[in-house]
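Chemist: Just dropping this structure here.
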Amino acid sequence: TAHSALAGSLVTTKNWVAAESAFAEAMRRSRSLDAVGNYVFLRLSAGKFDAFAREVFEEARAGDHQAEAPHRFLAFVLAEMGDWDRANAVYESALRLFAKDERAVRALQEQRMHWLVGRGDLDEAAASTINDAFNASILARLGAPGEAIAEIRRELADRPGSPNHRRDIALWAGHFGDPQLALAAMRTVVDAQPAQMLYVWMPQLKPMRQLPEFRAYMREIGMVAYWQKYGWPPFCRPIDEHEFECH
């Protein structure tokens with residue numbers, strides 16, 4: 001619908017408050033999976049991983065079992081909700097289902113690898129099959145953090161690449177203890193593709209979320225105004241009328 005299209009456009013400009021209102025009107029007119037499915041990414045960007053998001057992706061997966069994205073994002077939501085066993089089962093099922101689709105397998109494997117790292121399952125992560133040269137290189141240096149962070153810094157400086165690549169850089173920087181570098185990379189990702197905010201909430205970026213610069217960035221892009229109007233996520237909470245903290 002026109003309201004859903006408007007809402008999606010508002011998300012791309014990080015106008016989260018107006019997007020929420022537009023999505024509400026779109027879903028009032030039609031509870032189509034398309035409208036609800038687009039709305040869920042606004043909620044995930046705001047750090048709201050809950051039963052609503054899980055059910056949307058479960059419905060999307062059931063409605064089109066041959067589409068890879070609902071499998072991947074269902075697994076992501078389950079992992080963020082702490083249901084790792086089920087998330088892993090969704091990953092394994094999707095990897096079998098899309099075994100002949102190289103792009104789908106790559107996306108699933110890389111996302112699962114980052115979740116394994118975020119959970120601290122480093123031995124299992126190290127055993128992952130990863131086709132991306134940068135991720136494979138850093139994965140091979142899990143036991144050599146000094147080498148890894150030096151390569152990550154060079155990569156962001158010399159070959160920042162696509163938003164997806166910069167997101168990988170940010171996630172690795174978070175894991176190896178450089179939250180400032182992680183934020184520098186993630187800012188460029190969110191500025192280019194605001195819906196990628198959902199990756200900001202992964203476990204390895206917790207130290208990044210605790211930076212005063214992160215809080216300033218959340219104000220700058222209007223996310224704090226969104227939380228104040230539509231509710232705070234589990235990751236952040238108001239301290240008083242003017243201040244908040246994240247973890």
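Residue numbering restarts at 1 for every chain of the structure tokens, chains are lettered A, B, ... in their displayed order, and ligands are numbered from 1 as they appear.
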Residues of region 7-246 of chain A classed as strand (DSSP E) by DSSP on the backbone are to be reported as a list in words.
Modeler: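 Taking region 7-246 of chain A and keeping strand (DSSP E) gives Cys236, Arg237, Pro238, Phe244, Glu245 and Cys246 of chain A.
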Chemist: So which residues touch Leu183 (chain A) within 8 Å, counting only C-alpha atoms, skipping near sequence neighbours fewer than 5 positions away, as a ChimeraX atom specification?
Modeler: /A:170,208,214
Chemist: Would you list the contacts of region 9-16 of chain A as a ChimeraX atom specification, taking every protein, DNA or RNA residue within 6 Å and counting only C-alpha atoms, but skipping same-chain residues closer than 3 positions in sequence?
Modeler: /A:6,19,194
Chemist: As an MDAnalysis selection string, please: the residues near region 195-204 of chain A (cut-off 10 Å, only C-alpha atoms, same-chain neighbours under 2 positions excluded).
Modeler: chainID A and resid 8 11:12 14 38 41:49 76:77 79:80 114:115 117:120 163:164 167:168 170:177 179 182:183 186:187 189:193 206:209 234:235 247
Chemist: Using N, CA and C atoms, can you write the selected residues to a file as a compact mmCIF listing (two decimals), in the first residue's frame?
Modeler:
```
# COMPACT_ATOMS: atom_id res chain seq x y z
N GLY A 8 8.27 2.67 4.64
CA GLY A 8 9.58 2.15 4.26
C GLY A 8 10.53 3.25 3.87
N VAL A 11 11.83 5.02 6.94
CA VAL A 11 12.89 4.26 7.62
C VAL A 11 14.23 4.55 6.97
N THR A 12 14.26 4.64 5.65
CA THR A 12 15.53 4.88 4.95
C THR A 12 16.12 6.24 5.29
N LYS A 14 15.77 7.44 8.40
CA LYS A 14 15.88 7.33 9.85
C LYS A 14 14.84 8.18 10.57
N ASN A 38 7.48 -5.60 6.71
CA ASN A 38 8.32 -4.41 6.65
C ASN A 38 8.38 -3.71 8.01
N PHE A 41 11.00 -4.87 10.74
CA PHE A 41 12.38 -4.40 10.67
C PHE A 41 12.56 -3.05 11.38
N LEU A 42 11.52 -2.25 11.42
CA LEU A 42 11.59 -1.04 12.23
C LEU A 42 11.74 -1.41 13.70
N ARG A 43 10.95 -2.36 14.16
CA ARG A 43 11.02 -2.78 15.56
C ARG A 43 12.39 -3.40 15.89
N LEU A 44 12.92 -4.21 14.99
CA LEU A 44 14.24 -4.81 15.22
C LEU A 44 15.32 -3.74 15.24
N SER A 45 15.21 -2.77 14.37
CA SER A 45 16.17 -1.67 14.37
C SER A 45 16.17 -0.95 15.71
N ALA A 46 15.00 -0.89 16.34
CA ALA A 46 14.87 -0.23 17.64
C ALA A 46 15.24 -1.14 18.80
N GLY A 47 15.69 -2.36 18.50
CA GLY A 47 16.12 -3.28 19.55
C GLY A 47 15.02 -4.10 20.17
N LYS A 48 13.89 -4.22 19.48
CA LYS A 48 12.74 -4.93 20.05
C LYS A 48 12.61 -6.31 19.41
N PHE A 49 13.26 -7.28 20.05
CA PHE A 49 13.22 -8.67 19.60
C PHE A 49 12.28 -9.43 20.52
N PHE A 76 17.92 -15.30 13.50
CA PHE A 76 18.51 -14.14 14.17
C PHE A 76 17.67 -13.73 15.38
N VAL A 77 16.37 -13.63 15.17
CA VAL A 77 15.47 -13.22 16.26
C VAL A 77 15.50 -14.25 17.39
N ALA A 79 17.91 -16.25 18.19
CA ALA A 79 19.20 -16.14 18.88
C ALA A 79 19.19 -14.92 19.82
N GLU A 80 18.68 -13.80 19.33
CA GLU A 80 18.65 -12.59 20.16
C GLU A 80 17.71 -12.76 21.36
N HIS A 114 28.87 -15.25 13.08
CA HIS A 114 28.91 -14.09 13.96
C HIS A 114 28.14 -14.35 15.26
N TRP A 115 27.06 -15.12 15.17
CA TRP A 115 26.33 -15.44 16.39
C TRP A 115 27.15 -16.38 17.27
N VAL A 117 30.38 -16.48 17.49
CA VAL A 117 31.40 -15.63 18.10
C VAL A 117 30.78 -14.79 19.23
N GLY A 118 29.63 -14.22 18.96
CA GLY A 118 28.97 -13.40 19.97
C GLY A 118 28.60 -14.17 21.21
N ARG A 119 28.29 -15.45 21.05
CA ARG A 119 27.94 -16.31 22.18
C ARG A 119 29.16 -16.86 22.89
N GLY A 120 30.34 -16.66 22.29
CA GLY A 120 31.56 -17.20 22.88
C GLY A 120 31.86 -18.63 22.49
N PRO A 163 28.18 -1.82 2.76
CA PRO A 163 27.67 -1.79 4.14
C PRO A 163 27.75 -3.16 4.83
N ASN A 164 27.47 -4.23 4.09
CA ASN A 164 27.56 -5.56 4.70
C ASN A 164 28.99 -5.86 5.15
N ARG A 167 29.73 -3.86 8.20
CA ARG A 167 29.06 -4.49 9.35
C ARG A 167 29.92 -5.62 9.90
N ASP A 168 30.50 -6.43 9.02
CA ASP A 168 31.40 -7.50 9.47
C ASP A 168 32.59 -6.91 10.23
N ALA A 170 32.68 -4.14 11.88
CA ALA A 170 32.20 -3.67 13.19
C ALA A 170 32.04 -4.83 14.16
N LEU A 171 31.45 -5.93 13.70
CA LEU A 171 31.23 -7.07 14.58
C LEU A 171 32.55 -7.67 15.06
N TRP A 172 33.53 -7.76 14.16
CA TRP A 172 34.83 -8.27 14.57
C TRP A 172 35.54 -7.30 15.50
N ALA A 173 35.44 -6.01 15.23
CA ALA A 173 36.06 -5.02 16.12
C ALA A 173 35.47 -5.12 17.51
N GLY A 174 34.16 -5.33 17.59
CA GLY A 174 33.53 -5.51 18.88
C GLY A 174 34.05 -6.73 19.60
N HIS A 175 34.18 -7.83 18.87
CA HIS A 175 34.66 -9.06 19.50
C HIS A 175 36.08 -8.90 20.03
N PHE A 176 36.94 -8.22 19.27
CA PHE A 176 38.34 -8.10 19.66
C PHE A 176 38.62 -6.89 20.55
N GLY A 177 37.58 -6.28 21.08
CA GLY A 177 37.77 -5.28 22.12
C GLY A 177 38.09 -3.88 21.68
N PRO A 179 35.71 -1.10 20.81
CA PRO A 179 34.36 -0.58 20.59
C PRO A 179 34.32 0.71 19.80
N ALA A 182 34.44 -0.30 16.27
CA ALA A 182 33.15 -0.90 15.95
C ALA A 182 32.11 0.18 15.67
N LEU A 183 32.09 1.21 16.50
CA LEU A 183 31.12 2.29 16.29
C LEU A 183 31.41 3.06 15.01
N MET A 186 30.04 0.88 12.29
CA MET A 186 28.58 0.72 12.30
C MET A 186 27.87 2.02 11.95
N ARG A 187 28.45 3.14 12.32
CA ARG A 187 27.83 4.42 11.93
C ARG A 187 27.69 4.51 10.41
N VAL A 189 27.48 2.07 8.35
CA VAL A 189 26.50 1.07 7.91
C VAL A 189 25.09 1.61 8.07
N VAL A 190 24.79 2.10 9.27
CA VAL A 190 23.44 2.59 9.56
C VAL A 190 23.13 3.84 8.74
N ASP A 191 24.12 4.69 8.53
CA ASP A 191 23.88 5.88 7.70
C ASP A 191 23.54 5.50 6.27
N ALA A 192 24.13 4.39 5.79
CA ALA A 192 23.87 3.95 4.42
C ALA A 192 22.60 3.12 4.32
N GLN A 193 22.37 2.26 5.30
CA GLN A 193 21.23 1.34 5.28
C GLN A 193 20.65 1.25 6.69
N LYS A 206 28.12 -5.12 22.74
CA LYS A 206 27.71 -4.56 24.04
C LYS A 206 28.65 -3.45 24.50
N PRO A 207 29.99 -3.63 24.47
CA PRO A 207 30.87 -2.52 24.89
C PRO A 207 30.68 -1.27 24.03
N MET A 208 30.40 -1.44 22.74
CA MET A 208 30.13 -0.31 21.88
C MET A 208 28.88 0.44 22.34
N ARG A 209 27.86 -0.30 22.73
CA ARG A 209 26.60 0.32 23.15
C ARG A 209 26.76 1.11 24.45
N PRO A 234 14.95 -3.73 25.57
CA PRO A 234 15.64 -4.31 26.73
C PRO A 234 17.09 -3.84 26.86
N PHE A 235 17.69 -3.36 25.77
CA PHE A 235 19.10 -2.99 25.78
C PHE A 235 19.37 -1.61 26.36
N HIS A 247 23.27 -1.27 27.37
CA HIS A 247 24.19 -2.36 27.72
C HIS A 247 24.22 -3.38 26.60
```
Chemist: So that I can check the surroundings of region 84-100 of chain A, please list as a CSV table (one decimal) with all heavy atoms, in the first residue's frame every protein, DNA and RNA residue that reaches within 10 Å of it, counting only C-alpha atoms and ignoring chain neighbours fewer than 6 positions away.
Modeler:
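Output file around16.csv follows:
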```csv
chain,number,residue,atom,x,y,z
A,65,HIS,N,8.4,-21.1,1.7
A,65,HIS,CA,9.5,-21.9,2.3
A,65,HIS,C,10.7,-21.8,1.5
A,65,HIS,O,11.8,-22.1,2.0
A,65,HIS,CB,9.1,-23.3,2.5
A,65,HIS,CG,9.8,-24.0,3.6
A,65,HIS,ND1,9.7,-23.6,4.9
A,65,HIS,CD2,10.6,-25.1,3.6
A,65,HIS,CE1,10.4,-24.4,5.7
A,65,HIS,NE2,11.0,-25.3,4.9
A,66,GLN,N,10.6,-21.4,0.2
A,66,GLN,CA,11.8,-21.3,-0.7
A,66,GLN,C,12.5,-20.0,-0.6
A,66,GLN,O,13.4,-19.8,-1.3
A,66,GLN,CB,11.3,-21.6,-2.1
A,66,GLN,CG,10.7,-23.0,-2.3
A,66,GLN,CD,11.8,-24.1,-1.9
A,66,GLN,OE1,12.9,-24.0,-2.3
A,66,GLN,NE2,11.3,-25.1,-1.1
A,67,ALA,N,11.9,-19.0,0.2
A,67,ALA,CA,12.6,-17.7,0.4
A,67,ALA,C,13.6,-17.8,1.5
A,67,ALA,O,13.2,-18.2,2.6
A,67,ALA,CB,11.6,-16.6,0.6
A,68,GLU,N,14.8,-17.5,1.3
A,68,GLU,CA,15.9,-17.7,2.3
A,68,GLU,C,15.8,-16.7,3.5
A,68,GLU,O,16.0,-17.0,4.6
A,68,GLU,CB,17.3,-17.6,1.6
A,68,GLU,CG,18.4,-17.6,2.6
A,68,GLU,CD,18.9,-16.2,3.0
A,68,GLU,OE1,18.7,-15.3,2.2
A,68,GLU,OE2,19.4,-16.1,4.1
A,69,ALA,N,15.4,-15.4,3.2
A,69,ALA,CA,15.5,-14.4,4.2
A,69,ALA,C,14.7,-14.7,5.4
A,69,ALA,O,15.1,-14.5,6.6
A,69,ALA,CB,15.1,-13.0,3.6
A,70,PRO,N,13.4,-15.2,5.3
A,70,PRO,CA,12.7,-15.4,6.5
A,70,PRO,C,13.3,-16.5,7.4
A,70,PRO,O,13.3,-16.4,8.7
A,70,PRO,CB,11.3,-16.0,6.0
A,70,PRO,CG,11.2,-15.4,4.7
A,70,PRO,CD,12.6,-15.3,4.1
A,71,HIS,N,14.0,-17.5,6.9
A,71,HIS,CA,14.7,-18.4,7.7
A,71,HIS,C,15.9,-17.7,8.4
A,71,HIS,O,16.0,-18.0,9.6
A,71,HIS,CB,15.3,-19.5,6.7
A,71,HIS,CG,14.4,-20.4,6.0
A,71,HIS,ND1,14.0,-21.6,6.4
A,71,HIS,CD2,13.6,-20.1,4.9
A,71,HIS,CE1,13.1,-22.1,5.6
A,71,HIS,NE2,12.9,-21.2,4.6
A,72,ARG,N,16.6,-16.9,7.7
A,72,ARG,CA,17.8,-16.3,8.3
A,72,ARG,C,17.4,-15.3,9.4
A,72,ARG,O,18.0,-15.3,10.5
A,72,ARG,CB,18.6,-15.6,7.2
A,72,ARG,CG,19.8,-14.8,7.7
A,72,ARG,CD,20.8,-14.6,6.6
A,72,ARG,NE,20.2,-14.2,5.4
A,72,ARG,CZ,20.1,-12.9,5.0
A,72,ARG,NH1,20.4,-11.9,5.9
A,72,ARG,NH2,19.5,-12.6,3.9
A,73,PHE,N,16.4,-14.5,9.2
A,73,PHE,CA,16.0,-13.5,10.2
A,73,PHE,C,15.2,-14.2,11.3
A,73,PHE,O,15.2,-13.7,12.5
A,73,PHE,CB,15.2,-12.4,9.6
A,73,PHE,CG,16.1,-11.5,8.8
A,73,PHE,CD1,15.9,-11.4,7.4
A,73,PHE,CD2,17.0,-10.7,9.4
A,73,PHE,CE1,16.8,-10.6,6.7
A,73,PHE,CE2,17.9,-9.9,8.7
A,73,PHE,CZ,17.7,-9.8,7.3
A,74,LEU,N,14.5,-15.3,11.1
A,74,LEU,CA,13.9,-16.0,12.2
A,74,LEU,C,15.0,-16.5,13.1
A,74,LEU,O,14.9,-16.4,14.3
A,74,LEU,CB,13.0,-17.2,11.6
A,74,LEU,CG,12.5,-18.1,12.7
A,74,LEU,CD1,11.6,-17.4,13.7
A,74,LEU,CD2,11.7,-19.3,12.1
A,75,ALA,N,16.0,-17.1,12.5
A,75,ALA,CA,17.1,-17.6,13.3
A,75,ALA,C,17.8,-16.5,14.1
A,75,ALA,O,18.1,-16.6,15.3
A,75,ALA,CB,18.2,-18.3,12.5
A,76,PHE,N,17.9,-15.3,13.5
A,76,PHE,CA,18.5,-14.1,14.2
A,76,PHE,C,17.7,-13.7,15.4
A,76,PHE,O,18.2,-13.5,16.5
A,76,PHE,CB,18.6,-13.0,13.2
A,76,PHE,CG,19.4,-11.8,13.7
A,76,PHE,CD1,20.7,-11.6,13.2
A,76,PHE,CD2,18.9,-10.9,14.6
A,76,PHE,CE1,21.5,-10.6,13.7
A,76,PHE,CE2,19.7,-9.8,15.0
A,76,PHE,CZ,21.0,-9.7,14.6
A,77,VAL,N,16.4,-13.6,15.2
A,77,VAL,CA,15.5,-13.2,16.3
A,77,VAL,C,15.5,-14.2,17.4
A,77,VAL,O,15.6,-13.9,18.6
A,77,VAL,CB,14.0,-13.0,15.7
A,77,VAL,CG1,13.0,-12.9,16.9
A,77,VAL,CG2,14.0,-11.8,14.8
A,78,LEU,N,15.5,-15.5,17.1
A,78,LEU,CA,15.5,-16.6,18.1
A,78,LEU,C,16.8,-16.5,18.9
A,78,LEU,O,16.8,-16.6,20.1
A,78,LEU,CB,15.4,-17.9,17.4
A,78,LEU,CG,14.0,-18.3,16.9
A,78,LEU,CD1,14.1,-19.5,16.0
A,78,LEU,CD2,13.0,-18.5,18.0
A,106,ARG,N,25.9,-18.7,1.8
A,106,ARG,CA,27.0,-17.8,2.3
A,106,ARG,C,26.4,-16.9,3.4
A,106,ARG,O,27.0,-16.7,4.5
A,106,ARG,CB,27.5,-17.0,1.2
A,106,ARG,CG,28.5,-15.9,1.6
A,106,ARG,CD,29.2,-15.3,0.4
A,106,ARG,NE,30.0,-14.1,0.8
A,106,ARG,CZ,30.9,-13.6,0.0
A,106,ARG,NH1,31.1,-14.0,-1.2
A,106,ARG,NH2,31.6,-12.6,0.4
A,107,ALA,N,25.2,-16.3,3.1
A,107,ALA,CA,24.5,-15.4,4.1
A,107,ALA,C,24.2,-16.1,5.4
A,107,ALA,O,24.4,-15.6,6.5
A,107,ALA,CB,23.3,-14.8,3.5
A,108,LEU,N,23.7,-17.3,5.3
A,108,LEU,CA,23.4,-18.1,6.5
A,108,LEU,C,24.6,-18.5,7.3
A,108,LEU,O,24.6,-18.3,8.5
A,108,LEU,CB,22.6,-19.4,6.1
A,108,LEU,CG,21.2,-19.2,5.6
A,108,LEU,CD1,20.7,-20.4,4.8
A,108,LEU,CD2,20.2,-19.0,6.8
A,109,GLN,N,25.6,-18.9,6.6
A,109,GLN,CA,26.9,-19.3,7.3
A,109,GLN,C,27.5,-18.2,8.0
A,109,GLN,O,28.0,-18.3,9.1
A,109,GLN,CB,27.8,-20.0,6.3
A,109,GLN,CG,27.4,-21.4,5.9
A,109,GLN,CD,28.4,-22.0,4.9
A,109,GLN,OE1,29.0,-21.2,4.1
A,109,GLN,NE2,28.5,-23.3,4.8
A,111,GLN,N,26.2,-15.3,9.0
A,111,GLN,CA,25.4,-14.8,10.1
A,111,GLN,C,25.5,-15.7,11.3
A,111,GLN,O,25.7,-15.3,12.5
A,111,GLN,CB,23.9,-14.7,9.7
A,111,GLN,CG,23.0,-14.1,10.9
A,111,GLN,CD,21.6,-13.8,10.4
A,111,GLN,OE1,21.4,-12.8,9.7
A,111,GLN,NE2,20.7,-14.6,10.9
A,112,ARG,N,25.4,-17.1,11.1
A,112,ARG,CA,25.6,-18.0,12.1
A,112,ARG,C,27.0,-17.9,12.8
A,112,ARG,O,27.1,-18.0,14.0
A,112,ARG,CB,25.4,-19.4,11.6
A,112,ARG,CG,25.4,-20.5,12.7
A,112,ARG,CD,25.0,-21.9,12.1
A,112,ARG,NE,25.1,-22.9,13.1
A,112,ARG,CZ,26.1,-23.7,13.4
A,112,ARG,NH1,27.3,-23.5,12.7
A,112,ARG,NH2,26.1,-24.6,14.3
A,115,TRP,N,27.1,-15.1,15.2
A,115,TRP,CA,26.3,-15.4,16.4
A,115,TRP,C,27.1,-16.4,17.3
A,115,TRP,O,27.2,-16.2,18.5
A,115,TRP,CB,25.0,-16.1,16.1
A,115,TRP,CG,23.9,-15.0,16.0
A,115,TRP,CD1,23.3,-14.5,14.9
A,115,TRP,CD2,23.4,-14.3,17.2
A,115,TRP,NE1,22.4,-13.5,15.3
A,115,TRP,CE2,22.4,-13.4,16.7
A,115,TRP,CE3,23.7,-14.3,18.5
A,115,TRP,CZ2,21.8,-12.5,17.5
A,115,TRP,CZ3,23.0,-13.5,19.4
A,115,TRP,CH2,22.0,-12.6,18.9
A,116,LEU,N,27.8,-17.3,16.7
A,116,LEU,CA,28.7,-18.2,17.5
A,116,LEU,C,29.8,-17.4,18.2
A,116,LEU,O,30.0,-17.6,19.4
A,116,LEU,CB,29.3,-19.3,16.6
A,116,LEU,CG,28.4,-20.4,16.1
A,116,LEU,CD1,29.0,-21.2,14.9
A,116,LEU,CD2,28.0,-21.3,17.2
A,119,ARG,N,28.3,-15.4,21.0
A,119,ARG,CA,27.9,-16.3,22.2
A,119,ARG,C,29.2,-16.9,22.9
A,119,ARG,O,29.0,-17.5,23.9
A,119,ARG,CB,27.1,-17.5,21.7
A,119,ARG,CG,25.7,-17.1,21.3
A,119,ARG,CD,25.0,-18.3,20.7
A,119,ARG,NE,25.2,-19.6,21.4
A,119,ARG,CZ,24.5,-20.0,22.5
A,119,ARG,NH1,23.5,-19.2,22.9
A,119,ARG,NH2,24.8,-21.1,23.1
```
Chemist: Taking the DSSP assignment computed from this structure's backbone, write out as a PyMOL selection string all residues of region 53-181 of chain A that belong to alpha helix (DSSP H).
Modeler: chain A and resi 53-63+68-80+84-97+102-119+122-126+133-139+145-158+163-175+179-181
Chemist: Identify which of the residues A:Leu122, A:Ala150, A:Ile169, A:Ala35 lies closest to Phe134 (chain A), counting only C-alpha atoms when measuring atom-to-atom distances.
Modeler: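 Checking each candidate against Phe134 (chain A), we get A:Ile169 as the closest.
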Chemist: Counting only C-alpha atoms, figure out which residue out of A:Ala225, A:Val105, A:Met113, A:Leu181 gets nearest to Glu213 (chain A).
Modeler: A:Leu181
Chemist: Rounded to one decimal in Å, what is the spacing between CA of Thr188 (chain A) and CA of His165 (chain A)?
Modeler: 10.8 Å
Chemist: From the options A:Glu147, A:Glu245, A:Glu124, A:Glu20, which residue's atoms come nearest to Trp232 (chain A), counting only C-alpha atoms?
Modeler: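 Closest residue, counting only C-alpha atoms: A:Glu245.
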Chemist: Just the residues within 12 Å of Met27 (chain A), please, counting only C-alpha atoms, with nothing from its chain fewer than 5 positions along; format it as an MDAnalysis selection string.
Modeler: chainID A and resid 1:5 7 20:22 32:40
Chemist: Give me a file of those residues, with C-alpha atoms, as an mmCIF file, in the first residue's frame.
Modeler:
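The result, stored in out-v3.cif:
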```cif
data_model
loop_
_atom_site.group_PDB
_atom_site.id
_atom_site.type_symbol
_atom_site.label_atom_id
_atom_site.label_comp_id
_atom_site.auth_asym_id
_atom_site.auth_seq_id
_atom_site.Cartn_x
_atom_site.Cartn_y
_atom_site.Cartn_z
ATOM 1 C CA THR A 1 0.000 0.000 0.000
ATOM 2 C CA ALA A 2 0.961 3.643 -0.283
ATOM 3 C CA HIS A 3 1.232 3.956 3.500
ATOM 4 C CA SER A 4 3.532 0.955 3.712
ATOM 5 C CA ALA A 5 5.709 2.372 0.932
ATOM 6 C CA ALA A 7 6.761 4.028 5.977
ATOM 7 C CA GLU A 20 5.862 3.986 13.096
ATOM 8 C CA SER A 21 2.806 6.144 12.462
ATOM 9 C CA ALA A 22 2.781 5.322 8.743
ATOM 10 C CA SER A 32 -0.918 -8.107 4.823
ATOM 11 C CA LEU A 33 2.313 -9.982 5.478
ATOM 12 C CA ASP A 34 4.063 -7.433 3.293
ATOM 13 C CA ALA A 35 3.066 -4.500 5.529
ATOM 14 C CA VAL A 36 3.713 -6.366 8.779
ATOM 15 C CA GLY A 37 6.940 -7.842 7.449
ATOM 16 C CA ASN A 38 8.324 -4.406 6.652
ATOM 17 C CA TYR A 39 7.199 -3.055 10.027
ATOM 18 C CA VAL A 40 9.048 -5.746 11.931
#
```
Chemist: Between A:Ala148, A:Glu241, A:Cys246, A:Gly161, which residue has the minimum interatomic distance to Ala216 (chain A), considering only C-alpha atoms?
Modeler: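 The shortest atom-to-atom distance to Ala216 (chain A) comes from A:Cys246.
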